[in-house]
Structures are given as C-alpha cells and as structure tokens.
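**Student:** Have a look at this one.
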2 protein chains.
Amino acid sequence: MNYQERLRGARLELEGSRLDALVVTHLANMRYLSGFTGSAGVLVLGRRETVFFTDGRYRQQAREEVCRARVKIVNGKPALAAASEWLARHSHRRIGIEAAHLSVAGSSVLAQSLPARAKLVRSPPIVDRLRMVKHPDEIARIRAACRLGSELFGYLVKTVRPGIKESEVAGELEFRARQAGAEQMSFPTIVAGGARSALPHGRASSAALPARGFVVSDFGVILAGYCSDMTRTVHLGRPVAEARSAYQAVKEAQQAALEAARVGRSVAEVDRAARKSLQIRGLAKFFTHSTGHGVGLEIHESPRIAAGEREPLKAGMVITIEPGIYVPGRWGVRIEDTILITASGSEVLTPCPKDLITI
Amino acid sequence: MNYQERLRGARLELEGSRLDALVVTHLANMRYLSGFTGSAGVLVLGRRETVFFTDGRYRQQAREEVCRARVKIVNGKPALAAASEWLARHSHRRIGIEAAHLSVAGSSVLAQSLPARAKLVRSPPIVDRLRMVKHPDEIARIRAACRLGSELFGYLVKTVRPGIKESEVAGELEFRARQAGAEQMSFPTIVAGGARSALPHGRASSAALPARGFVVSDFGVILAGYCSDMTRTVHLGRPVAEARSAYQAVKEAQQAALEAARVGRSVAEVDRAARKSLQIRGLAKFFTHSTGHGVGLEIHESPRIAAGEREPLKAGMVITIEPGIYVPGRWGVRIEDTILITASGSEVLTPCPKDLITI
C-alpha cells in the first residue's frame, strides 16, 4: 500500500480547503492513511508532519504497522487530549474535524487545549472521498475477498434445507470463510427464511427454515482488511407463480442497474434504473432501501447509490448493486453483486448464478 | 424485559436533569429502552411520550420489536431530521443529547428545525448509567452467554497445537458458538501465539502457532442480545521458569482483583489491587491497560475498571477482571473472567480452569 501517495493526496485536499491540519478519528480513514489496524487512536495530518496518537495497548502494534507517521503513546489521558496539546504547541489555527465521525464529546476534548485563535472546522470528507476510487492493490484485495465470498454461496446451497436453523446456515458459511483465511465476516450474516425474508436486515436467527418459501442470504468476508458483499435468494420447495415473477422482476431490476453503472453516470441514475424497472411491474413501492453503496475497508462507504446523490461514477470505484422487494409478513427477494467500475463498463466481482435456485 | 420500568427510570433522570426530552442515538441504549435490534434509528424520550424514528428498511422489524414507543417510518430524510421536526412541533426546549455517541454532523441535523428558544444540551449518560446495574432477566441472559463462552474453552484446548493457524483456532470456536445458538461473537476473536501474544489486541491472524510459547485467547459470544467475555492463556511446549512465574503473577493479580470486587468498593480500588499485586513482583510496568469493563448489551460498557474512575460497585453490576502483562516482541499473558457483583461478594460467570495448561 502506497501510504506516501495517499498522504500526498490528502494534503492536497487539506490545502484546497485552507486547513492547517486534519484530525482523523474514523478508524477506517486512519487505517487508509497510516496502516494502523487497531481500534483506538487519532491521526493528525498537518501540512508537513503526520502524527499518530494511541494508548499503551497498541505500543507494539503501532510500531509495526504505522507507516510515515510519528507514533506517540499516550498514557493517562485520551488520545484526543494529547492531539489537542500537540495542535496547540504547533500553532495550528484552522483545524479540520471529521464531523460525521467525531462525537460531540470528542470535539470538546479536542478543543480543550487550543488557544482562542485556533478553530475547529468541519472538514469536507477528505479521506472518505479519496477512498472512493480504489488503487490497484486495493482492487486486488477486494477481488480476492469477493472471490472467497462467492465461493461461500456453494456451501450455502448445500446447507440450506427445510428445518435447519438460520444460525446453523450462517455458522457453516462463517466456518468455511475462516478456513479460507477470512479475518472475520464483513457484517452480521443475514439468513432470513419464509416471512423473515421480508426483513431487509434479517440477521440469521434461531428460527428454522420453512418447507416452502424464499431464503435471502446476504454475507461477506474481510480478507487482508478489505470487504466483500453479496446477496442471493433461493427458494425452498416449488415457488408459486407470484414468487417466480417477483424473483424475475428483481433480477431484471438488478440487471438494469448493472447496465446503468458506467463511468460518468451519476449514482442516482443507477438507483433510478433499478427503481424504474420495478415500477413497470408495479413493484417499486416494495423496494424500500437504496440500490447500493461503496465497498472497501468498510462494508458501507461512499458513494451511496441512491436518489438525490450526485456523485458521478469513476473508474476504480467498487460499489454494490442490490435491489430487493419486501412484502411485510410474507416474503422478500434481494439480489446483490459487488462490482468494479472500469473505463469501459463494469466488472462483476461476485459472479454467482442468478437464475432462481429451488431446493 | 420490562421496558416500562426502564422508561420510568430514564424519565426520572430526565426530570432530575431538567431536560424536556432525551434524544437517544446510541443503538445499545435504544435497544435497552425500546427492544429495537436494528442498526439505524433515533429514539426520542419526552417527559410523557416516547417516539422511535427509523427508515423503511425497518418497517416490519420496528413494528414487531419496539415496545412502548410510537414508531415513525421516515423516508427521504435522516431519522434525526424527522426527530428535529417532531421536537420543534412539541415545543421541547431543553433537549438532551448523548454527547459521547452523537456525531458533530448529527447534532447539526438534530438542531436544524429547532426554534431559537430550544437548546441542545449535553445530557449526563442517563441510559448508560441505568444499564450498569442489570435486571434479573438480563443477568440470566449474560449467565447463559458466559456459560456458552466458557464451553468454548474446551474446544480451544482441543484445537490449539503447534503449526495450526490462529484463524483456524478462531474459526473452530466461532463454529461451535454458532452451533450452540450464538447470534455472533461479541468482538473479533483474539488468538495470539508466541511473540504475537504480546499484542493485547492480537486478533487471530493467518500466523501459525509456534512450537513453544504462550497463546492468549480472548473471545465471547452474543446470545439473546447479551455478551460474554473471557480470556485464557495456554502454553505450547514446556514453559521456561520465567514464563511459569509470569503466568503465576498474572493469576495472582487476577485473584487479588476478584477479591477486591465487592459492593461499595470503587472500581479504582479493584484496578489498584491487580496493579499492586504485579508491582510486588516488578511486573506492573508490563500491565499496559485497565483492569476491566462492564459487559451487557455491549462488550464494553460502563463502568471502566480503571485508575481515576470513582464508580462504586453495586450488586447487579457485571464486569470483567482481566489483568495481563506484555513484553513487546516476546510474550504476553492475560487471564479474564466476567463476574457478577452480588450482595455478599461476587460470582464468576466464566468458571474455567486457571492453572497453566501446557499443550
């Protein structure tokens, strides 16, 4: 990972925003800029210097992991308090904060040692935006994570059967993921059968899968720090005509959004393509969430693929395309791929079958 | 779960703090007061009414789960924006926020519809404090989670051997946890062998366990919403005298802290007991973190068992006792139990052997 290039990119934005420093408190952003994988710390990106503050638990780990930043181990006070003192000593005045990630209480701690002439300023999302377009080494890692994620689908199909608990199916996927080297799942595994498939976020529960009905499974792994994400819906027993046609509608909507995902198009256009496809069949009202999101160090990152968002797609972005329809109390269907936007179109990184599988 | 009693408790504190409403944005606090287990929402606790705002993805789930609060599904804007409008309509003036949990950006959204006479006020941690003392039904769930967590140690001992990858050991534990009904692990499983045992937060990696040395394993499950937490350290091969004596020192420090954990004592005294025990053997400088933390809906919750904290222990608190020593680049040892503070002393909820096991 080329931390030097990343820091250079962030500093350019820093200057563009007329900030003297940016206080990075979001862990994924910290990792992106420094390599630190722990769960507590503060990175201060000055115009010239970069300093990383963490506590004694991370002394060895920070020394091993952090690239191109001075590491300061802070004892007996919050890392943010040490960052505040450092900023005061270095006479930084316009100090950017990550307003979406820093808590109100944290911002007070950060302000506590600053002189009156210094000011905390809401920074534009500098690092979140840099992270949207992936570097080749990041794409390689996401590709590997998605490959592993896709392999899990085979185990899912073998495991799913009437009467098995959702949590057992999830456990099987997670075990296979671990065996293949996954650091962890990228979010709580969703396995939702029968009426539970109508819950867009139906985490695997102790419920047994029914004899007949949809099973939505949404899962991903983290491999070398990077996430995968995909959803497939299978059907237990013979689907009735309504279920077949609902599945077909979601598949077509997903295809429409995949085709709309092109360099230069806005993310809203991609969302619109999925929604319009469902609208034609009178199903748009059951599509109750956005069409997708960026994937990388985090399972949900910028850009959001949603109405009202203006971000144009760029080559190197990795996003999900995941329309779904949900009829409360009855059933739900979702199909999701993670894709890479390329100069000439897009590449599906989770190439699993999408024809309806009945079990 | 008696949500009525919880809401009543929170309202008493609300009045004591002269707040007209509390805006609950921390998910665990929201779950505690309402039963909602999803991952997005805002709960507004007024003096008389309770309103829960979430988005379309959670329509069905909120209807099924949320107790004693009106559910409002918000589309096309953030739940916080809808909460802001509601607060403005109901003429609330002193509006408490959870400053440790609400982001700077979130607080702006919450303020956007408020009239000039209304004010966002940093609330004391009302819900976090209520959650410190567990109700009997919560204790039953934590007990069950800890029982399952403890059973996993048997699998750990059977799985650990020279050459096996840390991630495979973790995978085995996680698979067994799932089979026994765990919803998920309560944090990324730590399996850290040899020199990696010196990393207090050494998440299971792809490294193979060495022929000889300590293996620290720190893991927990979530069962019916509640967490377990425990750490044991085993030794591969025959330990040298230094390793044996280090292990013994940590075991004694843990015992000293367990004995200090009594109703009425402050959490700082418990921390001091562990530290003092290590100090006598000249090892206190290697104990680089605090002695423990509360456990419940979250793996880390109040109180912190650390120097400088003043909280007195109360019957019904569930905390961890987890001293450790870490010699960077060489080895580490940690022993951790989750305990329940009772009227007459404490009860260890994770009763696994603590004599050094060599494998």
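Ordering of the structure tokens sets the chain letters (A, B, ...); residue numbers start at 1 within each chain; ligands are numbered from 1 in the order shown.
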To test your reading of the structure, identify every residue in region 81-232 of chain B that backbone DSSP assigns to strand (DSSP E or B), and report it as a PyMOL selection string.

**Tutor:** chain B and resi 94-97+103+119-122+133+165+184-185+190-193+203+208+213-219+221-223+226-227+230-232

**Student:** When you get a sec, could you note down which chain B residues fall within 6 Å of chain A, using only C-alpha atoms, as a list in words?

**Tutor:**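 Using only C-alpha atoms, chain B residues at most 6 Å from chain A: Gly56, Arg57, Ala99, Ala100, His101, Leu102, Ser103, Val104, Ala105, Glu168, Gly171, Phe175, Arg178, Gln179, Pro200, Thr288 and His289 of chain B.
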
**Student:** What's around region 142-150 of chain A at 10 Å? Count only C-alpha atoms, leave out sequence neighbours fewer than 4 positions away in its own chain, and write the answer as a ChimeraX atom specification.

**Tutor:** /A:134,136-138,154-155,173,176-177,180-182,185-186,219-231,295-297,318,337-340,348-353

**Student:** Write the residues of the selection above to a file with N, CA and C atoms, as a tab-separated table (two decimals), in the first residue's frame.

**Tutor:**
chain	number	residue	atom	x	y	z
A	134	LYS	N	-10.50	3.26	-5.85
A	134	LYS	CA	-9.54	2.31	-5.29
A	134	LYS	C	-8.26	2.24	-6.11
A	136	PRO	N	-4.90	0.05	-7.46
A	136	PRO	CA	-4.83	-1.34	-7.94
A	136	PRO	C	-4.60	-2.36	-6.83
A	137	ASP	N	-3.76	-2.03	-5.82
A	137	ASP	CA	-3.54	-3.01	-4.76
A	137	ASP	C	-4.79	-3.22	-3.91
A	138	GLU	N	-5.61	-2.19	-3.81
A	138	GLU	CA	-6.88	-2.36	-3.08
A	138	GLU	C	-7.85	-3.20	-3.91
A	154	GLY	N	-21.73	-21.63	-2.71
A	154	GLY	CA	-21.82	-23.07	-2.95
A	154	GLY	C	-22.15	-23.83	-1.66
A	155	TYR	N	-21.52	-23.42	-0.56
A	155	TYR	CA	-21.81	-24.08	0.72
A	155	TYR	C	-23.22	-23.76	1.19
A	173	LEU	N	-21.35	-21.06	6.75
A	173	LEU	CA	-20.68	-20.08	5.88
A	173	LEU	C	-19.47	-19.47	6.58
A	176	ARG	N	-16.52	-21.87	6.92
A	176	ARG	CA	-15.79	-22.02	5.64
A	176	ARG	C	-14.97	-20.78	5.35
A	177	ALA	N	-15.52	-19.64	5.67
A	177	ALA	CA	-14.80	-18.38	5.44
A	177	ALA	C	-13.51	-18.35	6.25
A	180	ALA	N	-10.83	-20.55	4.98
A	180	ALA	CA	-10.18	-20.00	3.78
A	180	ALA	C	-9.38	-18.74	4.11
A	181	GLY	N	-9.30	-18.40	5.40
A	181	GLY	CA	-8.40	-17.30	5.77
A	181	GLY	C	-9.06	-15.97	6.07
A	182	ALA	N	-10.39	-15.92	6.05
A	182	ALA	CA	-11.06	-14.65	6.34
A	182	ALA	C	-10.74	-14.19	7.76
A	185	MET	N	-16.25	-11.91	9.28
A	185	MET	CA	-17.27	-11.57	8.31
A	185	MET	C	-17.33	-10.04	8.25
A	186	SER	N	-17.77	-9.50	7.12
A	186	SER	CA	-17.76	-8.05	6.98
A	186	SER	C	-18.98	-7.40	7.63
A	219	PHE	N	-24.14	-11.79	2.76
A	219	PHE	CA	-22.96	-12.11	3.57
A	219	PHE	C	-21.70	-11.59	2.88
A	220	GLY	N	-20.66	-11.46	3.68
A	220	GLY	CA	-19.39	-11.02	3.12
A	220	GLY	C	-18.27	-11.33	4.09
A	221	VAL	N	-17.06	-11.29	3.57
A	221	VAL	CA	-15.88	-11.59	4.39
A	221	VAL	C	-14.96	-10.37	4.40
A	222	ILE	N	-14.05	-10.38	5.36
A	222	ILE	CA	-12.93	-9.43	5.31
A	222	ILE	C	-11.66	-10.24	5.12
A	223	LEU	N	-10.93	-9.90	4.07
A	223	LEU	CA	-9.70	-10.60	3.74
A	223	LEU	C	-8.63	-9.52	3.53
A	224	ALA	N	-7.55	-9.64	4.28
A	224	ALA	CA	-6.49	-8.63	4.20
A	224	ALA	C	-7.06	-7.21	4.33
A	225	GLY	N	-8.05	-7.08	5.20
A	225	GLY	CA	-8.58	-5.75	5.51
A	225	GLY	C	-9.73	-5.30	4.64
A	226	TYR	N	-9.96	-5.97	3.51
A	226	TYR	CA	-10.98	-5.49	2.57
A	226	TYR	C	-12.21	-6.40	2.55
A	227	CYS	N	-13.35	-5.76	2.31
A	227	CYS	CA	-14.65	-6.44	2.44
A	227	CYS	C	-15.18	-6.99	1.12
A	228	SER	N	-15.99	-8.00	1.23
A	228	SER	CA	-16.83	-8.43	0.11
A	228	SER	C	-18.27	-8.32	0.57
A	229	ASP	N	-19.18	-8.31	-0.40
A	229	ASP	CA	-20.61	-8.18	-0.08
A	229	ASP	C	-21.41	-8.79	-1.22
A	230	MET	N	-22.32	-9.69	-0.91
A	230	MET	CA	-23.22	-10.20	-1.94
A	230	MET	C	-24.48	-10.78	-1.30
A	231	THR	N	-25.54	-10.82	-2.08
A	231	THR	CA	-26.80	-11.42	-1.62
A	231	THR	C	-27.32	-12.33	-2.72
A	295	VAL	N	-17.83	-0.17	-1.33
A	295	VAL	CA	-17.27	-1.25	-0.52
A	295	VAL	C	-15.75	-1.13	-0.56
A	296	GLY	N	-15.09	-1.34	0.55
A	296	GLY	CA	-13.63	-1.29	0.59
A	296	GLY	C	-13.15	-1.72	1.95
A	297	LEU	N	-12.45	-0.82	2.65
A	297	LEU	CA	-12.05	-1.11	4.03
A	297	LEU	C	-13.29	-1.27	4.90
A	318	VAL	N	-15.66	0.82	-6.39
A	318	VAL	CA	-16.24	-0.50	-6.15
A	318	VAL	C	-17.54	-0.28	-5.39
A	337	ASP	N	-24.73	-7.82	-6.15
A	337	ASP	CA	-23.35	-8.05	-6.55
A	337	ASP	C	-22.49	-6.89	-6.11
A	338	THR	N	-21.20	-7.17	-5.92
A	338	THR	CA	-20.22	-6.11	-5.78
A	338	THR	C	-19.56	-5.97	-7.16
A	339	ILE	N	-19.47	-4.74	-7.65
A	339	ILE	CA	-18.90	-4.53	-8.99
A	339	ILE	C	-17.79	-3.48	-8.95
A	340	LEU	N	-16.91	-3.60	-9.93
A	340	LEU	CA	-15.84	-2.62	-10.11
A	340	LEU	C	-16.17	-1.80	-11.35
A	348	VAL	N	-18.33	-7.56	-12.70
A	348	VAL	CA	-18.98	-8.14	-11.53
A	348	VAL	C	-17.93	-8.95	-10.77
A	349	LEU	N	-17.70	-8.61	-9.51
A	349	LEU	CA	-16.66	-9.28	-8.73
A	349	LEU	C	-17.21	-10.50	-7.98
A	350	THR	N	-18.54	-10.65	-7.99
A	350	THR	CA	-19.19	-11.77	-7.28
A	350	THR	C	-20.02	-12.59	-8.28
A	351	PRO	N	-19.35	-13.29	-9.17
A	351	PRO	CA	-20.05	-13.91	-10.30
A	351	PRO	C	-20.71	-15.24	-9.93
A	352	CYS	N	-21.77	-15.20	-9.15
A	352	CYS	CA	-22.53	-16.41	-8.82
A	352	CYS	C	-23.79	-16.45	-9.67
A	353	PRO	N	-24.32	-17.66	-9.89
A	353	PRO	CA	-25.55	-17.77	-10.69
A	353	PRO	C	-26.67	-16.91	-10.11

**Student:** Go ahead and compute the interatomic distance for CA of Lys314 (chain B) and CA of Ala343 (chain B), in Å to one decimal.

**Tutor:** 8.0 Å

**Student:** Return the single residue from A:Ala118, A:Val109, A:Ala195, A:Ala140 that is closest to Arg89 (chain A), with distances computed using only C-alpha atoms.

**Tutor:**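 Checking each of A:Ala118, A:Val109, A:Ala195, A:Ala140 against Arg89 (chain A), counting only C-alpha atoms, the winner is A:Ala118.
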
**Student:** So that I can see what lies close to Val44 (chain A), please list as a PyMOL selection string the residues with an atom at most 8 Å from it, counting only C-alpha atoms and leaving out residues fewer than 4 positions away in the same chain.

**Tutor:** chain A and resi 21-24+50-52+83

**Student:** Kindly indicate which residue among B:Ser217, B:Gln254, B:Gln4, B:Thr233 lies nearest to Ala69 (chain B), using only C-alpha atoms for the distances.

**Tutor:**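 Ranking B:Ser217, B:Gln254, B:Gln4, B:Thr233 by distance to Ala69 (chain B), first place goes to B:Gln4.
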
**Student:** May I have the residues within 6 Å of region 310-312 of chain A as a PyMOL selection string, using only C-alpha atoms and disregarding those fewer than 2 positions away in the same chain?

**Tutor:** chain A and resi 264-267

**Student:** For the residues selected in the previous step, produce a file with N, CA and C atoms as a PDB file, in the first residue's frame.

**Tutor:**
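The new file result_1.pdb reads:
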ATOM      1  N   GLY A 264     -19.051   8.178 -15.462  1.00  0.00           N
ATOM      2  CA  GLY A 264     -19.672   9.441 -15.846  1.00  0.00           C
ATOM      3  C   GLY A 264     -21.132   9.541 -15.483  1.00  0.00           C
ATOM      4  N   ARG A 265     -21.831   8.398 -15.407  1.00  0.00           N
ATOM      5  CA  ARG A 265     -23.219   8.438 -14.949  1.00  0.00           C
ATOM      6  C   ARG A 265     -23.238   8.771 -13.460  1.00  0.00           C
ATOM      7  N   SER A 266     -24.311   9.359 -12.990  1.00  0.00           N
ATOM      8  CA  SER A 266     -24.396   9.648 -11.552  1.00  0.00           C
ATOM      9  C   SER A 266     -24.946   8.423 -10.833  1.00  0.00           C
ATOM     10  N   VAL A 267     -24.618   8.332  -9.562  1.00  0.00           N
ATOM     11  CA  VAL A 267     -25.123   7.207  -8.770  1.00  0.00           C
ATOM     12  C   VAL A 267     -26.650   7.219  -8.729  1.00  0.00           C
TER      13      VAL A 267
END

**Student:** Could you give me, as a PyMOL selection string, the residues within 8 Å of Gly316 (chain B), counting only C-alpha atoms and dropping anything in the same chain fewer than 3 positions from it?

**Tutor:** chain B and resi 132-135+139+340-342

**Student:** Put those residues in a file: all heavy atoms, as a PDB file, in the first residue's frame.

**Tutor:**
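Result file out.pdb:
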ATOM      1  N   MET B 132     -25.843   0.013  33.849  1.00  0.00           N
ATOM      2  CA  MET B 132     -24.754  -0.571  34.651  1.00  0.00           C
ATOM      3  C   MET B 132     -25.244  -1.660  35.598  1.00  0.00           C
ATOM      4  O   MET B 132     -24.587  -2.671  35.780  1.00  0.00           O
ATOM      5  CB  MET B 132     -24.049   0.526  35.456  1.00  0.00           C
ATOM      6  CG  MET B 132     -23.120   1.374  34.624  1.00  0.00           C
ATOM      7  SD  MET B 132     -21.907   2.235  35.630  1.00  0.00           S
ATOM      8  CE  MET B 132     -22.923   3.267  36.665  1.00  0.00           C
ATOM      9  N   VAL B 133     -26.382  -1.403  36.243  1.00  0.00           N
ATOM     10  CA  VAL B 133     -26.923  -2.410  37.167  1.00  0.00           C
ATOM     11  C   VAL B 133     -27.953  -3.239  36.404  1.00  0.00           C
ATOM     12  O   VAL B 133     -28.939  -2.717  35.901  1.00  0.00           O
ATOM     13  CB  VAL B 133     -27.561  -1.748  38.402  1.00  0.00           C
ATOM     14  CG1 VAL B 133     -28.255  -2.797  39.268  1.00  0.00           C
ATOM     15  CG2 VAL B 133     -26.495  -1.009  39.202  1.00  0.00           C
ATOM     16  N   LYS B 134     -27.672  -4.521  36.299  1.00  0.00           N
ATOM     17  CA  LYS B 134     -28.506  -5.387  35.463  1.00  0.00           C
ATOM     18  C   LYS B 134     -29.748  -5.882  36.200  1.00  0.00           C
ATOM     19  O   LYS B 134     -29.695  -6.187  37.391  1.00  0.00           O
ATOM     20  CB  LYS B 134     -27.683  -6.594  34.986  1.00  0.00           C
ATOM     21  CG  LYS B 134     -26.920  -6.377  33.681  1.00  0.00           C
ATOM     22  CD  LYS B 134     -25.848  -5.335  33.753  1.00  0.00           C
ATOM     23  CE  LYS B 134     -25.143  -5.143  32.399  1.00  0.00           C
ATOM     24  NZ  LYS B 134     -24.181  -4.030  32.479  1.00  0.00           N
ATOM     25  N   HIS B 135     -30.837  -6.007  35.448  1.00  0.00           N
ATOM     26  CA  HIS B 135     -32.057  -6.608  35.968  1.00  0.00           C
ATOM     27  C   HIS B 135     -31.892  -8.135  35.953  1.00  0.00           C
ATOM     28  O   HIS B 135     -31.077  -8.662  35.191  1.00  0.00           O
ATOM     29  CB  HIS B 135     -33.245  -6.224  35.076  1.00  0.00           C
ATOM     30  CG  HIS B 135     -33.522  -4.754  35.061  1.00  0.00           C
ATOM     31  ND1 HIS B 135     -34.481  -4.159  35.834  1.00  0.00           N
ATOM     32  CD2 HIS B 135     -32.926  -3.749  34.385  1.00  0.00           C
ATOM     33  CE1 HIS B 135     -34.489  -2.853  35.627  1.00  0.00           C
ATOM     34  NE2 HIS B 135     -33.547  -2.580  34.743  1.00  0.00           N
ATOM     35  N   ILE B 139     -29.387 -10.552  33.772  1.00  0.00           N
ATOM     36  CA  ILE B 139     -28.363 -11.412  34.386  1.00  0.00           C
ATOM     37  C   ILE B 139     -28.513 -12.844  33.872  1.00  0.00           C
ATOM     38  O   ILE B 139     -27.528 -13.509  33.559  1.00  0.00           O
ATOM     39  CB  ILE B 139     -28.469 -11.348  35.928  1.00  0.00           C
ATOM     40  CG1 ILE B 139     -28.066  -9.939  36.387  1.00  0.00           C
ATOM     41  CG2 ILE B 139     -27.579 -12.405  36.589  1.00  0.00           C
ATOM     42  CD1 ILE B 139     -28.317  -9.653  37.852  1.00  0.00           C
ATOM     43  N   LEU B 340     -20.242 -11.291  38.274  1.00  0.00           N
ATOM     44  CA  LEU B 340     -21.440 -10.580  38.719  1.00  0.00           C
ATOM     45  C   LEU B 340     -21.200 -10.126  40.151  1.00  0.00           C
ATOM     46  O   LEU B 340     -20.821 -10.929  41.008  1.00  0.00           O
ATOM     47  CB  LEU B 340     -22.636 -11.543  38.668  1.00  0.00           C
ATOM     48  CG  LEU B 340     -23.925 -11.095  39.376  1.00  0.00           C
ATOM     49  CD1 LEU B 340     -24.560  -9.908  38.657  1.00  0.00           C
ATOM     50  CD2 LEU B 340     -24.918 -12.260  39.462  1.00  0.00           C
ATOM     51  N   ILE B 341     -21.397  -8.845  40.403  1.00  0.00           N
ATOM     52  CA  ILE B 341     -21.292  -8.343  41.772  1.00  0.00           C
ATOM     53  C   ILE B 341     -22.594  -8.696  42.507  1.00  0.00           C
ATOM     54  O   ILE B 341     -23.685  -8.398  42.008  1.00  0.00           O
ATOM     55  CB  ILE B 341     -21.071  -6.810  41.792  1.00  0.00           C
ATOM     56  CG1 ILE B 341     -19.842  -6.424  40.960  1.00  0.00           C
ATOM     57  CG2 ILE B 341     -20.935  -6.297  43.225  1.00  0.00           C
ATOM     58  CD1 ILE B 341     -18.533  -6.989  41.457  1.00  0.00           C
ATOM     59  N   THR B 342     -22.451  -9.358  43.626  1.00  0.00           N
ATOM     60  CA  THR B 342     -23.632  -9.761  44.404  1.00  0.00           C
ATOM     61  C   THR B 342     -23.607  -9.039  45.752  1.00  0.00           C
ATOM     62  O   THR B 342     -22.616  -8.391  46.098  1.00  0.00           O
ATOM     63  CB  THR B 342     -23.624 -11.283  44.653  1.00  0.00           C
ATOM     64  OG1 THR B 342     -22.454 -11.599  45.436  1.00  0.00           O
ATOM     65  CG2 THR B 342     -23.576 -12.059  43.352  1.00  0.00           C
TER      66      THR B 342
END

**Student:** Quick one: residues within 12 Å of Gly237 (chain B), only C-alpha atoms, excluding same-chain residues fewer than 5 positions away - as an NGL selection string?

**Tutor:** :B and (160-162 or 194 or 209-215 or 243-244 or 356-359)

**Student:** Would you save the residues of that selection, restricted to C-alpha atoms, as a PDB file, in the first residue's frame?

**Tutor:**
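Result written to result13.pdb:
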ATOM      1  CA  VAL B 160      -4.592 -25.455  19.751  1.00  0.00           C
ATOM      2  CA  ARG B 161      -1.376 -27.105  18.554  1.00  0.00           C
ATOM      3  CA  PRO B 162       1.927 -26.046  17.020  1.00  0.00           C
ATOM      4  CA  GLY B 194       4.262 -16.704  20.533  1.00  0.00           C
ATOM      5  CA  LEU B 209       1.156 -21.123  16.258  1.00  0.00           C
ATOM      6  CA  PRO B 210       4.769 -21.758  17.289  1.00  0.00           C
ATOM      7  CA  ALA B 211       6.142 -24.994  18.756  1.00  0.00           C
ATOM      8  CA  ARG B 212       6.697 -23.266  22.049  1.00  0.00           C
ATOM      9  CA  GLY B 213       5.217 -20.230  23.767  1.00  0.00           C
ATOM     10  CA  PHE B 214       2.089 -18.661  25.152  1.00  0.00           C
ATOM     11  CA  VAL B 215      -1.203 -18.496  23.276  1.00  0.00           C
ATOM     12  CA  ALA B 243       7.063 -17.975  31.667  1.00  0.00           C
ATOM     13  CA  ARG B 244       5.809 -20.071  34.552  1.00  0.00           C
ATOM     14  CA  LEU B 356      -1.478 -23.121  33.455  1.00  0.00           C
ATOM     15  CA  ILE B 357      -2.381 -25.656  30.772  1.00  0.00           C
ATOM     16  CA  THR B 358       0.558 -26.829  28.660  1.00  0.00           C
ATOM     17  CA  ILE B 359      -0.135 -28.438  25.324  1.00  0.00           C
TER      18      ILE B 359
END
